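**Q** Just so it is clear, I am handing over upload19.tsv, which has TSV, C-alpha atoms and all ligand atoms.
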chain	number	residue	atom	x	y	z
A	1	MET	CA	17.40	-17.08	11.73
A	2	LEU	CA	13.71	-16.93	10.98
A	3	ALA	CA	13.68	-13.33	9.84
A	4	SER	CA	16.56	-13.66	7.41
A	5	ARG	CA	14.75	-16.50	5.66
A	6	ILE	CA	11.87	-14.14	4.93
A	7	PHE	CA	13.55	-10.79	4.38
A	8	SER	CA	16.80	-9.89	2.71
A	9	ARG	CA	19.42	-8.50	5.09
A	10	GLY	CA	21.30	-6.37	2.55
A	11	PHE	CA	21.65	-2.95	4.16
A	12	ALA	CA	24.42	-1.28	2.15
A	13	SER	CA	24.92	1.57	4.59
A	14	SER	CA	22.30	1.86	7.25
A	15	SER	CA	21.00	5.37	7.93
A	16	PHE	CA	19.15	3.98	10.93
A	17	GLN	CA	21.37	3.98	14.00
A	18	ARG	CA	19.22	1.39	15.72
A	19	GLY	CA	16.93	0.18	12.94
A	20	ALA	CA	13.68	1.86	12.00
A	21	LYS	CA	10.58	2.62	13.98
A	22	VAL	CA	7.54	1.52	11.98
A	23	ALA	CA	3.98	2.33	13.07
A	24	VAL	CA	0.98	0.32	11.86
A	25	LEU	CA	-2.35	2.17	12.12
A	26	GLY	CA	-5.25	-0.27	12.12
A	27	ALA	CA	-2.96	-2.95	13.53
A	28	ALA	CA	-5.68	-5.08	15.11
A	29	GLY	CA	-7.57	-5.63	11.84
A	30	GLY	CA	-7.68	-8.38	9.26
A	31	ILE	CA	-4.66	-6.93	7.43
A	32	GLY	CA	-3.13	-5.22	10.45
A	33	GLN	CA	-2.47	-8.39	12.45
A	34	PRO	CA	-0.69	-10.55	9.83
A	35	LEU	CA	1.10	-7.45	8.52
A	36	SER	CA	2.37	-6.70	12.02
A	37	LEU	CA	3.48	-10.33	12.36
A	38	LEU	CA	5.50	-10.10	9.14
A	39	LEU	CA	6.99	-6.77	10.23
A	40	LYS	CA	8.00	-8.31	13.58
A	41	LEU	CA	10.13	-10.70	11.49
A	42	ASN	CA	11.78	-7.88	9.53
A	43	PRO	CA	15.40	-7.36	10.62
A	44	HIS	CA	15.39	-3.70	9.54
A	45	ILE	CA	12.77	-2.80	12.13
A	46	ASP	CA	13.86	-1.97	15.63
A	47	ARG	CA	10.60	-0.65	17.09
A	48	LEU	CA	7.18	-1.77	15.96
A	49	SER	CA	4.36	0.48	17.12
A	50	LEU	CA	0.83	-0.89	16.82
A	51	TYR	CA	-2.14	1.49	16.89
A	52	ASP	CA	-5.85	0.79	16.62
A	53	ILE	CA	-9.06	1.86	18.33
A	54	VAL	CA	-9.44	-1.69	19.68
A	55	ASN	CA	-7.38	-4.73	20.80
A	56	THR	CA	-3.82	-3.48	20.24
A	57	PRO	CA	-2.57	-4.29	23.77
A	58	GLY	CA	-3.32	-7.97	23.10
A	59	VAL	CA	-1.85	-8.03	19.61
A	60	ALA	CA	1.30	-6.27	20.85
A	61	ALA	CA	1.70	-8.59	23.87
A	62	ASP	CA	1.35	-11.61	21.61
A	63	LEU	CA	3.86	-10.42	18.98
A	64	SER	CA	6.31	-9.20	21.64
A	65	HIS	CA	7.06	-12.83	22.60
A	66	ILE	CA	8.58	-13.57	19.18
A	67	ASN	CA	12.35	-13.66	19.61
A	68	THR	CA	13.38	-11.18	16.94
A	69	ASN	CA	15.49	-8.15	17.79
A	70	SER	CA	12.74	-5.51	17.97
A	71	THR	CA	10.40	-4.14	20.58
A	72	VAL	CA	6.63	-3.99	20.11
A	73	THR	CA	4.33	-1.44	21.72
A	74	GLY	CA	0.53	-1.37	21.62
A	75	HIS	CA	-1.41	1.90	21.58
A	76	LYS	CA	-5.19	2.01	21.83
A	77	GLY	CA	-7.51	4.94	21.20
A	78	PRO	CA	-6.94	8.52	19.97
A	79	GLU	CA	-5.23	9.67	23.18
A	80	GLN	CA	-2.40	7.18	22.49
A	81	LEU	CA	-2.02	7.96	18.78
A	82	GLY	CA	0.67	10.62	19.30
A	83	ALA	CA	2.90	8.21	21.23
A	84	ALA	CA	2.37	5.55	18.57
A	85	LEU	CA	3.56	7.92	15.83
A	86	LYS	CA	6.39	9.79	17.57
A	87	ASP	CA	9.77	9.19	15.88
A	88	ALA	CA	8.31	6.76	13.32
A	89	GLN	CA	10.24	6.66	10.04
A	90	VAL	CA	7.51	4.66	8.32
A	91	ILE	CA	3.76	4.69	8.96
A	92	VAL	CA	1.63	1.99	7.34
A	93	ILE	CA	-2.13	2.61	7.25
A	94	PRO	CA	-4.45	-0.40	6.87
A	95	ALA	CA	-7.16	1.21	9.07
A	96	GLY	CA	-10.69	1.35	7.73
A	97	VAL	CA	-13.59	-0.84	6.69
A	98	PRO	CA	-13.16	-3.49	3.96
A	99	ARG	CA	-15.58	-4.34	1.12
A	100	LYS	CA	-18.53	-6.71	1.26
A	101	PRO	CA	-19.81	-8.60	-1.81
A	102	GLY	CA	-21.21	-6.24	-4.46
A	103	MET	CA	-19.28	-3.20	-3.20
A	104	THR	CA	-16.68	-1.25	-5.14
A	105	ARG	CA	-13.72	0.31	-3.37
A	106	ASP	CA	-15.29	3.71	-3.96
A	107	ASP	CA	-18.28	2.62	-1.85
A	108	LEU	CA	-15.89	2.68	1.14
A	109	PHE	CA	-15.12	6.35	0.65
A	110	ASN	CA	-17.66	7.78	3.11
A	111	THR	CA	-16.28	5.79	6.05
A	112	ASN	CA	-12.62	5.51	5.22
A	113	ALA	CA	-11.98	9.08	4.01
A	114	GLY	CA	-12.67	10.41	7.50
A	115	ILE	CA	-10.54	7.73	9.19
A	116	VAL	CA	-7.58	8.39	6.89
A	117	LYS	CA	-7.93	12.18	7.26
A	118	THR	CA	-7.85	11.90	11.07
A	119	LEU	CA	-4.81	9.62	11.00
A	120	ALA	CA	-3.03	11.88	8.46
A	121	GLU	CA	-3.63	14.91	10.69
A	122	ALA	CA	-2.00	13.10	13.60
A	123	ALA	CA	0.91	11.99	11.42
A	124	ALA	CA	1.43	15.54	10.12
A	125	LYS	CA	1.61	16.72	13.73
A	126	HIS	CA	3.61	13.94	15.41
A	127	ALA	CA	5.74	12.46	12.60
A	128	PRO	CA	5.82	15.00	9.74
A	129	LYS	CA	8.96	13.47	8.20
A	130	ALA	CA	7.69	9.89	8.18
A	131	HIS	CA	7.08	7.93	4.99
A	132	ILE	CA	3.36	7.18	4.72
A	133	LEU	CA	2.20	3.91	3.12
A	134	VAL	CA	-1.55	3.98	2.46
A	135	ILE	CA	-3.35	0.64	2.24
A	136	ALA	CA	-6.85	1.86	3.25
A	137	ASN	CA	-9.24	1.95	0.30
A	138	PRO	CA	-10.13	3.61	-1.96
A	139	VAL	CA	-6.37	4.11	-2.39
A	140	ASN	CA	-6.97	6.29	-5.49
A	141	SER	CA	-8.65	8.84	-3.17
A	142	THR	CA	-7.05	8.21	0.24
A	143	VAL	CA	-3.54	9.06	-1.03
A	144	PRO	CA	-4.68	12.54	-2.21
A	145	ILE	CA	-6.43	12.94	1.16
A	146	VAL	CA	-3.13	12.40	3.01
A	147	ALA	CA	-1.36	14.79	0.61
A	148	GLU	CA	-3.93	17.55	1.12
A	149	VAL	CA	-3.79	17.19	4.91
A	150	PHE	CA	0.02	17.37	4.84
A	151	LYS	CA	-0.14	20.43	2.56
A	152	LYS	CA	-2.44	22.15	5.04
A	153	HIS	CA	0.18	21.50	7.75
A	154	ASN	CA	2.98	22.69	5.39
A	155	VAL	CA	4.79	19.36	5.72
A	156	PHE	CA	3.94	17.69	2.38
A	157	ASP	CA	6.82	15.99	0.57
A	158	ALA	CA	5.70	13.92	-2.43
A	159	LYS	CA	8.78	11.70	-2.03
A	160	ARG	CA	7.37	10.33	1.22
A	161	LEU	CA	3.80	9.37	0.26
A	162	PHE	CA	2.89	6.01	-1.31
A	163	GLY	CA	-0.32	4.20	-2.20
A	164	VAL	CA	0.36	0.49	-1.75
A	165	THR	CA	-0.59	-1.22	-5.04
A	166	THR	CA	1.76	-4.16	-4.50
A	167	LEU	CA	-1.09	-6.66	-4.21
A	168	ASP	CA	-2.02	-5.99	-7.85
A	169	VAL	CA	1.55	-6.80	-8.84
A	170	VAL	CA	1.60	-9.92	-6.66
A	171	ARG	CA	-1.71	-11.10	-8.18
A	172	ALA	CA	-0.48	-10.36	-11.70
A	173	SER	CA	2.61	-12.55	-11.19
A	174	THR	CA	0.50	-15.33	-9.71
A	175	PHE	CA	-2.16	-15.35	-12.44
A	176	VAL	CA	0.39	-15.15	-15.28
A	177	GLY	CA	2.36	-17.97	-13.63
A	178	GLN	CA	-0.78	-20.12	-13.47
A	179	THR	CA	-1.64	-19.40	-17.12
A	180	LYS	CA	1.84	-20.11	-18.41
A	181	LYS	CA	2.61	-22.88	-15.91
A	182	THR	CA	5.79	-21.16	-14.71
A	183	ASN	CA	7.06	-20.15	-11.29
A	184	PRO	CA	5.22	-16.91	-10.42
A	185	GLU	CA	8.18	-15.74	-8.34
A	186	ASN	CA	10.12	-15.22	-11.57
A	187	ILE	CA	7.39	-13.19	-13.26
A	188	ASN	CA	7.35	-9.44	-13.03
A	189	VAL	CA	4.38	-7.52	-14.41
A	190	HIS	CA	4.44	-3.72	-14.62
A	191	VAL	CA	1.01	-2.78	-13.27
A	192	ILE	CA	0.23	0.90	-13.72
A	193	GLY	CA	-2.58	3.36	-12.96
A	194	GLY	CA	-4.50	3.12	-9.72
A	195	HIS	CA	-5.89	0.51	-7.35
A	196	SER	CA	-9.49	-0.19	-8.34
A	197	GLY	CA	-11.19	-2.03	-11.22
A	198	VAL	CA	-10.43	-0.47	-14.58
A	199	THR	CA	-7.76	1.83	-13.14
A	200	ILE	CA	-5.56	-1.27	-12.54
A	201	MET	CA	-3.65	-1.74	-15.81
A	202	PRO	CA	-1.29	-4.71	-16.18
A	203	LEU	CA	1.11	-4.12	-19.08
A	204	LEU	CA	1.44	-7.74	-20.17
A	205	SER	CA	3.10	-6.63	-23.42
A	206	GLN	CA	6.13	-5.55	-21.37
A	207	THR	CA	6.70	-8.98	-19.80
A	208	GLY	CA	8.46	-10.46	-22.82
A	209	THR	CA	6.06	-13.42	-22.71
A	210	LYS	CA	3.78	-14.21	-25.67
A	211	PHE	CA	0.03	-14.29	-24.91
A	212	SER	CA	-2.98	-15.01	-27.13
A	213	LYS	CA	-5.68	-12.32	-27.41
A	214	GLU	CA	-7.95	-14.46	-25.21
A	215	GLU	CA	-5.22	-14.87	-22.58
A	216	ILE	CA	-4.61	-11.13	-22.49
A	217	GLU	CA	-8.28	-10.33	-22.03
A	218	ALA	CA	-8.84	-12.99	-19.37
A	219	LEU	CA	-5.68	-12.14	-17.44
A	220	THR	CA	-6.30	-8.40	-17.55
A	221	ASN	CA	-9.83	-8.84	-16.26
A	222	ARG	CA	-8.71	-11.20	-13.51
A	223	ILE	CA	-5.93	-8.86	-12.36
A	224	GLN	CA	-8.30	-5.86	-12.38
A	225	PHE	CA	-11.03	-7.66	-10.46
A	226	GLY	CA	-8.99	-10.28	-8.53
A	227	GLY	CA	-9.95	-8.65	-5.25
A	228	ASP	CA	-13.61	-9.51	-5.97
A	229	GLU	CA	-12.76	-13.24	-5.97
A	230	VAL	CA	-11.62	-12.95	-2.37
A	231	VAL	CA	-14.52	-10.71	-1.30
A	232	LYS	CA	-16.96	-13.24	-2.80
A	233	ALA	CA	-15.25	-16.27	-1.26
A	234	LYS	CA	-15.15	-14.61	2.17
A	235	ASP	CA	-18.89	-14.11	1.77
A	236	GLY	CA	-19.42	-10.92	3.73
A	237	THR	CA	-16.60	-11.34	6.26
A	238	GLY	CA	-14.09	-9.07	4.52
A	239	SER	CA	-11.65	-8.69	1.63
A	240	ALA	CA	-8.05	-9.77	1.04
A	241	THR	CA	-6.11	-9.69	4.29
A	242	LEU	CA	-3.38	-12.38	4.19
A	243	SER	CA	-2.17	-11.74	0.63
A	244	MET	CA	-2.43	-8.01	1.35
A	245	ALA	CA	-0.36	-8.40	4.50
A	246	GLN	CA	2.35	-10.14	2.48
A	247	ALA	CA	2.19	-7.43	-0.21
A	248	GLY	CA	2.30	-4.65	2.42
A	249	ALA	CA	5.24	-6.29	4.21
A	250	ARG	CA	7.08	-6.65	0.89
A	251	PHE	CA	6.62	-2.96	0.06
A	252	THR	CA	7.65	-1.88	3.57
A	253	ASP	CA	10.76	-4.05	3.36
A	254	SER	CA	11.66	-2.61	-0.05
A	255	LEU	CA	11.29	0.94	1.25
A	256	LEU	CA	13.31	0.25	4.41
A	257	ARG	CA	16.13	-1.27	2.39
A	258	ALA	CA	16.15	1.74	0.05
A	259	LEU	CA	16.06	4.19	2.97
A	260	GLY	CA	19.03	2.32	4.38
A	261	GLY	CA	21.06	2.90	1.22
A	262	GLU	CA	20.48	-0.23	-0.86
A	263	LYS	CA	20.40	0.64	-4.56
A	264	GLY	CA	18.28	-0.53	-7.48
A	265	ILE	CA	15.03	-1.24	-5.59
A	266	VAL	CA	12.04	-0.73	-7.87
A	267	GLU	CA	8.37	-1.26	-6.94
A	268	PRO	CA	5.23	-0.07	-8.68
A	269	THR	CA	3.42	2.34	-6.34
A	270	TYR	CA	0.76	5.05	-6.56
A	271	VAL	CA	2.48	8.40	-6.04
A	272	LYS	CA	2.28	12.03	-7.08
A	273	SER	CA	3.62	11.61	-10.57
A	274	HIS	CA	4.40	13.40	-13.82
A	275	VAL	CA	3.60	10.42	-16.05
A	276	ALA	CA	-0.11	11.07	-16.70
A	277	ALA	CA	-0.03	14.80	-15.92
A	278	LYS	CA	-0.66	15.62	-19.59
A	279	ASP	CA	-4.06	13.96	-19.15
A	280	GLY	CA	-4.80	15.88	-15.96
A	281	VAL	CA	-4.00	13.00	-13.58
A	282	GLU	CA	-1.87	14.00	-10.59
A	283	TYR	CA	-1.39	10.60	-8.90
A	284	PHE	CA	-0.44	7.49	-10.85
A	285	SER	CA	1.28	4.19	-10.29
A	286	THR	CA	4.27	3.09	-12.37
A	287	ASN	CA	7.57	1.49	-11.46
A	288	VAL	CA	9.27	3.75	-8.93
A	289	GLU	CA	12.90	3.51	-7.89
A	290	LEU	CA	13.12	3.89	-4.13
A	291	GLY	CA	16.04	5.67	-2.47
A	292	PRO	CA	17.29	7.19	0.80
A	293	GLU	CA	14.57	9.88	0.67
A	294	GLY	CA	11.72	7.67	-0.49
A	295	VAL	CA	10.76	8.21	-4.14
A	296	SER	CA	14.01	8.47	-6.07
A	297	LYS	CA	12.96	8.12	-9.72
A	298	ILE	CA	9.49	7.69	-11.23
A	299	HIS	CA	9.75	5.55	-14.34
A	300	ASP	CA	7.66	6.29	-17.41
A	301	ILE	CA	4.87	4.00	-18.54
A	302	GLY	CA	6.96	2.57	-21.38
A	303	PRO	CA	5.59	1.01	-24.58
A	304	MET	CA	1.91	-0.01	-24.59
A	305	SER	CA	0.06	-2.28	-27.05
A	306	ASP	CA	-3.11	-0.97	-28.73
A	307	TYR	CA	-5.16	-2.99	-26.22
A	308	GLU	CA	-3.29	-1.38	-23.30
A	309	LYS	CA	-3.74	2.09	-24.80
A	310	LYS	CA	-7.49	1.48	-24.67
A	311	LEU	CA	-7.21	0.43	-21.01
A	312	TYR	CA	-5.38	3.68	-20.35
A	313	GLU	CA	-8.10	5.75	-22.01
A	314	ALA	CA	-10.78	3.98	-19.95
A	315	ALA	CA	-8.87	4.48	-16.68
A	316	ILE	CA	-8.15	8.20	-16.95
A	317	PRO	CA	-11.66	9.64	-16.28
A	318	GLU	CA	-12.18	7.34	-13.28
A	319	LEU	CA	-8.78	8.16	-11.81
A	320	LYS	CA	-9.42	11.87	-12.24
A	321	ASN	CA	-12.76	11.58	-10.42
A	322	ASN	CA	-11.28	9.49	-7.60
A	323	ILE	CA	-8.45	11.98	-7.08
A	324	LYS	CA	-10.75	15.01	-7.18
A	325	LYS	CA	-13.04	13.36	-4.63
A	326	GLY	CA	-10.12	12.97	-2.20
A	327	VAL	CA	-8.82	16.49	-2.74
A	328	ASP	CA	-12.29	18.01	-2.33
A	329	PHE	CA	-12.96	15.99	0.82
A	330	VAL	CA	-10.15	17.80	2.61
A	331	ASN	CA	-10.54	21.22	1.07
A	332	LYS	CA	-14.32	21.60	0.96
A	333	ALA	CA	-14.96	20.20	4.44
A	401	LIG	P1	-10.67	-4.77	9.14
A	401	LIG	O1	-12.02	-4.22	9.38
A	401	LIG	O2	-10.42	-6.20	9.41
A	401	LIG	O3	-9.60	-3.94	9.97
A	401	LIG	C1	-9.58	-2.55	9.98
A	401	LIG	C2	-9.03	-2.09	11.31
A	401	LIG	O4	-9.04	-0.66	11.30
A	401	LIG	C3	-9.88	-2.55	12.51
A	401	LIG	O5	-9.06	-3.20	13.48
A	401	LIG	C4	-10.45	-1.24	13.04
A	401	LIG	O6	-10.61	-1.24	14.46
A	401	LIG	C5	-9.39	-0.25	12.61
A	401	LIG	N1	-9.86	1.12	12.61
A	401	LIG	C6	-11.08	1.62	12.29
A	401	LIG	N2	-11.11	2.94	12.50
A	401	LIG	C7	-9.88	3.30	12.94
A	401	LIG	C8	-9.30	4.52	13.33
A	401	LIG	N3	-9.98	5.67	13.31
A	401	LIG	N4	-8.00	4.51	13.73
A	401	LIG	C9	-7.29	3.35	13.74
A	401	LIG	N5	-7.80	2.16	13.40
A	401	LIG	C10	-9.09	2.14	13.01
A	401	LIG	O7	-10.31	-4.41	7.60
A	401	LIG	P2	-9.11	-5.00	6.71
A	401	LIG	O8	-9.57	-6.20	6.00
A	401	LIG	O9	-7.90	-5.07	7.55
A	401	LIG	O10	-8.97	-3.84	5.60
A	401	LIG	C11	-8.48	-2.57	5.95
A	401	LIG	C12	-8.46	-1.64	4.74
A	401	LIG	O11	-7.52	-2.10	3.75
A	401	LIG	C13	-9.81	-1.57	4.01
A	401	LIG	O12	-10.05	-0.22	3.66
A	401	LIG	C14	-9.59	-2.39	2.78
A	401	LIG	O13	-10.43	-2.01	1.71
A	401	LIG	C15	-8.15	-2.07	2.48
A	401	LIG	N6	-7.48	-3.01	1.57
A	401	LIG	C16	-6.52	-2.50	0.73
A	401	LIG	C17	-5.87	-3.31	-0.16
A	401	LIG	C18	-4.83	-2.72	-1.07
A	401	LIG	O14	-4.39	-3.43	-1.98
A	401	LIG	N7	-4.36	-1.50	-0.87
A	401	LIG	C19	-6.17	-4.74	-0.26
A	401	LIG	C20	-7.14	-5.19	0.69
A	401	LIG	C21	-7.79	-4.34	1.56
Rewrite the structure from the file as structure tokens, please.
Ligand code: NAI
**A**
Amino acid sequence: MLASRIFSRGFASSSFQRGAKVAVLGAAGGIGQPLSLLLKLNPHIDRLSLYDIVNTPGVAADLSHINTNSTVTGHKGPEQLGAALKDAQVIVIPAGVPRKPGMTRDDLFNTNAGIVKTLAEAAAKHAPKAHILVIANPVNSTVPIVAEVFKKHNVFDAKRLFGVTTLDVVRASTFVGQTKKTNPENINVHVIGGHSGVTIMPLLSQTGTKFSKEEIEALTNRIQFGGDEVVKAKDGTGSATLSMAQAGARFTDSLLRALGGEKGIVEPTYVKSHVAAKDGVEYFSTNVELGPEGVSKIHDIGPMSDYEKKLYEAAIPELKNNIKKGVDFVNKA
């Protein structure tokens, strides 16, 4: 079976009577299409709901011919957003504009903040208990935007809101594997902080692998700015879409398995967190154990080398600004 070769089938005790309904918002985009394809192959999904402002009928018709045991519906335009979201257990949001060469993720704020706010308002109204997975950049700010919107609707539950930082973890494994000439699938790097430039902090000292000072500096820089390699290579036509789709599908699969009762599933993700609260940072990514309600246990940062402590110090002011910008966008509008 195609799907079982890609996704694990281990549902310990399924809480989904008929499998989950997952909605993808921005499903016709560069990430949205391959992500929806991978989700169509996921055996834990029963209904796949594809929403965008363009082209979703075609994408849905195309995917609906794949012979996996789920139905696909396409929803186009704001008047169909409610139907797309109704009864969804998981909502994945890759809607929004991507970077062009020379842009930072923060440069996307003006366009994407409004898109994410609108989608969050609809989710708060039509699927207030859904788990929200935010891919749209700048993730450091769009996650607080969703939280503030949900708070305004009195439906916020920090256990159900995630910034998807999985691509940083995927890149970290790949780059370390290339450097050390080992299989990247067996390498696990704890990447903490946020999802932009210096706020991405790979804790290479926790991998158990020995690196030279030069390797640490080169790898850290490449993991922090790996997205720029893709933006540059695509030369104005977008940012990472295929690797992001894989990373987004991996995180969605991990969450669905945890919601279904499987134990011991840990993924780094950007959530409302206690770990950097002493430094005034409300949202932070560390390893998070996922469970039947979403976030089950937020792990601490763990030991950091002197070099990593400096990365942390450099990241904190930027993270604080990014978070404040998102919070203010909703509350000062
Ligand atoms: P894209 O431009 O190819 O696709 C975006 C899609 O969003 C389009 O189909 C567009 O019609 C749709 N859209 C725009 N406004 C919408 C609205 N109001 N409601 C629903 N859909 C709407 O962009 P791409 O490459 O798919 O990137 C999407 C986002 O993901 C960008 O913000 C990008 O920066 C971000 N991203 C995040 C990563 C992460 O690691 N979290 C990695 C790579 C990209």
**Q** Could you report the residues within 6 Å of ligand LIG 401 (chain A), using only C-alpha atoms and all ligand atoms, as an MDAnalysis selection string?
**A** chainID A and resid 25:26 28:32 52:54 94:99 115 135:137 164:165 167 238:241 244
**Q** Of the residues A:Val170, A:Leu219, A:Ala249, A:Ala122, which is the one nearest to A:Glu79, using all atoms listed in the file?
**A**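 Checking each candidate against A:Glu79, we get A:Ala122 as the closest.
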**Q** When distances are computed from all atoms listed in the file, which of A:Pro101, A:Val92, A:Ser196, A:Pro43 shows the smallest separation from A:Lys234?
**A** A:Pro101
**Q** Point out the residue among A:Arg171, A:His65, A:His75, A:His153 with the least atom-to-atom distance to A:Glu185, counting only C-alpha atoms.
**A** A:Arg171
**Q** Using only C-alpha atoms, determine which residues lie at most 6 Å from stretch 318-329 of chain A, disregarding the query and same-chain residues fewer than 5 positions distant; provide the list as a list in words.
**A**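 Counting only C-alpha atoms, the residues come to Asn140, Ser141, Pro144, Ile145 and Val281 of chain A.
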**Q** Restricting it to C-alpha atoms, dump the selection as a compact mmCIF listing (two decimals), keeping the file's coordinate frame.
**A**
# COMPACT_ATOMS: atom_id res chain seq x y z
CA ASN A 140 -6.97 6.29 -5.49
CA SER A 141 -8.65 8.84 -3.17
CA PRO A 144 -4.68 12.54 -2.21
CA ILE A 145 -6.43 12.94 1.16
CA VAL A 281 -4.00 13.00 -13.58
**Q** May I ask which of the residues A:Leu133, A:Ala127, A:Val275, A:Ala120 is the closest one to A:Val149, counting only C-alpha atoms?
**A**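 The closest residue to A:Val149 is A:Ala120.
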**Q** Here is a test: counting all atoms listed in the file, which residue of A:Ala113, A:Thr220, A:Lys181, A:Lys159 is nearest to A:Ile298?
**A**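 Between A:Ala113, A:Thr220, A:Lys181, A:Lys159, the residue approaching A:Ile298 most closely is A:Lys159.
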**Q** How far is it from atom CA of A:Leu290 to atom CA of A:Asp253, in Å with one decimal?
**A**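 Interatomic distance here is 11.2 Å.
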**Q** Which polymer residues, protein or nucleic acid, are no farther than 8 Å from (-3.4, -8.7, 15.4), counting all atoms listed in the file, as a ChimeraX atom specification?
**A** /A:27-30,32-34,36-37,55-56,58-60
**Q** Looking at all atoms listed in the file, which of A:Ile132, A:Glu282, A:Met304, A:Gln80 is the one that sits closest to A:Phe251?
**A** A:Ile132
**Q** Please, what distance in Å, to one decimal, runs between atom CA of A:Ser212 and atom CA of A:Thr199?
**A**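 Pair atom CA of A:Ser212 / atom CA of A:Thr199 returns 22.4 Å.
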**Q** If we count only C-alpha atoms and set the cut-off at 10 Å, which residues sit around A:Asp300, ignoring sequence neighbours fewer than 2 positions away in its own chain? Please answer as a ChimeraX atom specification.
**A** /A:192,273-276,285-288,297-298,302-303
**Q** Let me know the centre plus edge lengths, in Å and rounded to one decimal, of a box with edges along x, y and z that contains all listed atoms of stretch 149-158 of chain A and is padded by 8 Å on every side, as AutoDock Vina command-line options.
**A**
--center_x 1.5 --center_y 18.3 --center_z 2.7 --size_x 26.6 --size_y 24.8 --size_z 26.2
**Q** Measure the distance from atom CA of A:Val155 to atom CA of A:Ala123 in Å and round it to one decimal.
**A** 10.1 Å
**Q** What's around A:Gly264 at 9 Å? Count all atoms listed in the file, leave out sequence neighbours fewer than 4 positions away in its own chain, and write the answer as a compact mmCIF listing (two decimals) with C-alpha atoms, keeping the file's coordinate frame.
**A**
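As a result, part01.txt now contains:
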# COMPACT_ATOMS: atom_id res chain seq x y z
CA ALA A 258 16.15 1.74 0.05
CA GLU A 289 12.90 3.51 -7.89
CA LEU A 290 13.12 3.89 -4.13
CA GLY A 291 16.04 5.67 -2.47
**Q** If I put a ball of radius 6 Å at (-1.1, 4.5, -7.8) in the file's coordinates, which residues poke into it when counting all atoms listed in the file, written as a list in words?
**A**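 The residues that fall inside the cut-off are Gly163, Gly193, Gly194, Thr269, Tyr270, Val271, Phe284 and Ser285 of chain A.
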**Q** For the residues in that selection, give me C-alpha atoms as a PDB file, in the coordinates of the input.
**A**
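Output contents, as saved in out.pdb:
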ATOM      1  CA  GLY A 163      -0.320   4.200  -2.200  1.00  0.00           C
ATOM      2  CA  GLY A 193      -2.580   3.360 -12.960  1.00  0.00           C
ATOM      3  CA  GLY A 194      -4.500   3.120  -9.720  1.00  0.00           C
ATOM      4  CA  THR A 269       3.420   2.340  -6.340  1.00  0.00           C
ATOM      5  CA  TYR A 270       0.760   5.050  -6.560  1.00  0.00           C
ATOM      6  CA  VAL A 271       2.480   8.400  -6.040  1.00  0.00           C
ATOM      7  CA  PHE A 284      -0.440   7.490 -10.850  1.00  0.00           C
ATOM      8  CA  SER A 285       1.280   4.190 -10.290  1.00  0.00           C
TER       9      SER A 285
END
